[in-house]
Structures are given as structure tokens and as C-alpha cells.
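Q: I have a structure here, written as C-alpha cells, and I will follow up with some questions on it.
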Amino acid sequence: MAKGKQQSFEHHTRWDVLTHFILGPIFLVNVGVRIVLAVRQPGWETIWDVVVGIALFLLNIKVRVYSLKVQDRVIRLEERLRLARLLPEPLRSRIGELTEAQLIALRFASDAEVPPLVEHVISKQMQGKEIKRAIQVWRPDYFRV
């Protein structure tokens, strides 16, 4: 996401042009083409082409999923460290109660609103989108995959 664009709940989703709009569609169309060729000219080579086409499409998805999972783990660690620094002691001891999804959503909250928001998140068991909607001062994250 470009640094010049202001992030908010409505404008924080990251679309990777190469993955989402170029490679994914190319690999998907390739699978379709390979299936058509295999139906028209059945044989080991064309069937193998279908298998390889599916594998390439799945590889594209898996690479994206793995990079997002690594990113989520880093965010989880960063947020736990941030919360340990920002929260008063009664809340600090409850950081472990926060789920990965809650920690990931909390990264967008400004330092000033983190303590009351965390207390609210824990007491109401708020989930990702609810947490993001509750944020008043958005803290942008421009380093996402």
C-alpha cells in the first residue's frame, strides 16, 4: 500500500497486483486451457500438463498464504511487546488472553487508545473487524505483504 494513501478501516486492505491480478489469473486460465487440451487430445502428456497447471496455481496460493502467516507471527510478537510497554499491570498480565486475530487488529490502534481498547476487547471478546471499527485514531501499517 502506498504511503501517501491514508489508511482507515475502509482503506487498509492490501492487494498485491502481481499475485492477485496477474499471476493468479494466468495460472487459473492455464489450468482451464490444459483441461480443454486434455479433453480434446487425451494422453499422458496432456493429463500431466493439467496436473502441473493445478500445481502451479496451488503454489501461487500457498506462497501467498505462507508469507501472510509469517507476517501474522511477526505482528503477534510486535503487538505483545508493544502491549507489554503500554498497558498498566492489571491488563499486562492478560495479554496472553488475546487471540492472534485480536492482536493483529489491535496493531492499527494508536498508543493512546490501546489500554482502554484492550480492556474492552478482553471483556467483550471482540473480534478483528469489530476491533478495527472501534479504533478512533488509526495507526497505519505500510509494511504488509
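Lettering and numbering for the C-alpha cells are positional, with chains as A, B, ... in the shown order, residues counted from 1 in each chain, and ligands counted from 1 in the shown order.
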Got a sec: who's within 8 Å of Glu79 in chain A, counting only C-alpha atoms, leaving out chain neighbours fewer than 2 positions off, as a short mmCIF file (atom, residue, chain, number, x, y, z; two decimals) with C-alpha atoms, in the first residue's frame?

A:
```cif
data_model
loop_
_atom_site.label_atom_id
_atom_site.label_comp_id
_atom_site.auth_asym_id
_atom_site.auth_seq_id
_atom_site.Cartn_x
_atom_site.Cartn_y
_atom_site.Cartn_z
CA ILE A 75 2.71 -8.81 14.08
CA ARG A 76 1.73 -11.01 17.03
CA LEU A 77 5.21 -10.66 18.51
CA LEU A 81 5.90 -6.30 23.03
CA ARG A 82 4.00 -3.08 22.38
CA LEU A 83 1.21 -4.03 24.77
CA LEU A 103 -3.56 -8.82 18.27
CA ILE A 104 -3.45 -8.35 14.50
CA LEU A 106 -5.05 -4.05 17.59
CA ARG A 107 -1.95 -3.10 15.63
#
```

Q: I'd like to know which residues of chain A are helix (DSSP H, G or I) (by DSSP, run on the backbone); could you write them as a PyMOL selection string?

A: chain A and resi 17-40+44-86+89-92+95-97+100-106+111-124+128-134

Q: Considering only C-alpha atoms, state which residue in the set A:Phe57, A:Trp48, A:Phe108, A:Phe21 is at the smallest distance from Arg34 in chain A.

A: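 Smallest separation from Arg34 in chain A among the options: A:Trp48.
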
Q: When you count only C-alpha atoms, which of these residues is closest to Val29 in chain A: A:Pro115, A:Pro90, A:Gly53, A:Gly128?

A: A:Gly53

Q: Taking only C-alpha atoms into account, which of A:Glu100, A:Ile135, A:Ala55, A:Val17 comes nearest Val74 in chain A?

A: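 So, comparing all the options, the nearest one is A:Glu100.
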
Q: Taking only C-alpha atoms into account, name the residue in A:Leu18, A:Ile131, A:Asp49, A:Ala101 that is nearest to Asn30 in chain A.

A: A:Asp49

Q: Pick out the residues sitting within 12 Å of Val51 in chain A, and hand them over as a PyMOL selection string; count only C-alpha atoms, and ignore anything fewer than 6 positions along from it in its own chain.

A: chain A and resi 30-32+34-35+38+44-45+57-58

Q: Could the residues in this selection be saved with N, CA and C atoms as a PDB file, in the first residue's frame?

A:
```
ATOM      1  N   ASN A  30      -4.461 -20.948 -17.303  1.00  0.00           N
ATOM      2  CA  ASN A  30      -3.613 -22.053 -17.756  1.00  0.00           C
ATOM      3  C   ASN A  30      -4.238 -23.405 -17.413  1.00  0.00           C
ATOM      4  N   VAL A  31      -4.784 -23.533 -16.213  1.00  0.00           N
ATOM      5  CA  VAL A  31      -5.446 -24.787 -15.821  1.00  0.00           C
ATOM      6  C   VAL A  31      -6.610 -25.063 -16.769  1.00  0.00           C
ATOM      7  N   GLY A  32      -7.419 -24.037 -17.046  1.00  0.00           N
ATOM      8  CA  GLY A  32      -8.547 -24.215 -17.965  1.00  0.00           C
ATOM      9  C   GLY A  32      -8.104 -24.641 -19.346  1.00  0.00           C
ATOM     10  N   ARG A  34      -5.312 -26.162 -20.163  1.00  0.00           N
ATOM     11  CA  ARG A  34      -4.765 -27.529 -20.073  1.00  0.00           C
ATOM     12  C   ARG A  34      -5.885 -28.569 -20.007  1.00  0.00           C
ATOM     13  N   ILE A  35      -6.963 -28.257 -19.293  1.00  0.00           N
ATOM     14  CA  ILE A  35      -8.092 -29.193 -19.208  1.00  0.00           C
ATOM     15  C   ILE A  35      -8.753 -29.357 -20.580  1.00  0.00           C
ATOM     16  N   ALA A  38      -6.556 -31.464 -22.697  1.00  0.00           N
ATOM     17  CA  ALA A  38      -6.574 -32.860 -22.254  1.00  0.00           C
ATOM     18  C   ALA A  38      -7.854 -33.560 -22.697  1.00  0.00           C
ATOM     19  N   TRP A  44      -1.132 -39.135 -21.757  1.00  0.00           N
ATOM     20  CA  TRP A  44      -0.355 -38.892 -20.536  1.00  0.00           C
ATOM     21  C   TRP A  44       0.215 -37.483 -20.484  1.00  0.00           C
ATOM     22  N   GLU A  45       0.666 -36.977 -21.620  1.00  0.00           N
ATOM     23  CA  GLU A  45       1.289 -35.640 -21.640  1.00  0.00           C
ATOM     24  C   GLU A  45       0.278 -34.548 -21.296  1.00  0.00           C
ATOM     25  N   PHE A  57      -0.919 -23.310  -9.940  1.00  0.00           N
ATOM     26  CA  PHE A  57      -1.954 -22.460  -9.350  1.00  0.00           C
ATOM     27  C   PHE A  57      -1.949 -22.579  -7.828  1.00  0.00           C
ATOM     28  N   LEU A  58      -1.883 -23.815  -7.318  1.00  0.00           N
ATOM     29  CA  LEU A  58      -1.844 -24.031  -5.874  1.00  0.00           C
ATOM     30  C   LEU A  58      -0.572 -23.464  -5.249  1.00  0.00           C
TER      31      LEU A  58
END
```

Q: Tell me which protein, DNA and RNA residues are within 12 Å of Arg92 in chain A, counting only C-alpha atoms, leaving out same-chain ones fewer than 2 positions away, and put them as number ranges by chain.

A: A: 79-90, 94-98, 114-115, 118-119, 122

Q: Between A:Arg40, A:Val65, A:Asp16, A:Leu117, which is the closest to Arg133 in chain A once you count only C-alpha atoms?

A: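 Smallest distance to Arg133 in chain A is found for A:Leu117.
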
Q: Just to confirm, what's the straight-line distance from CA of Val50 in chain A to CA of Val36 in chain A in Å (one decimal)?

A: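 Interatomic distance here is 9.2 Å.
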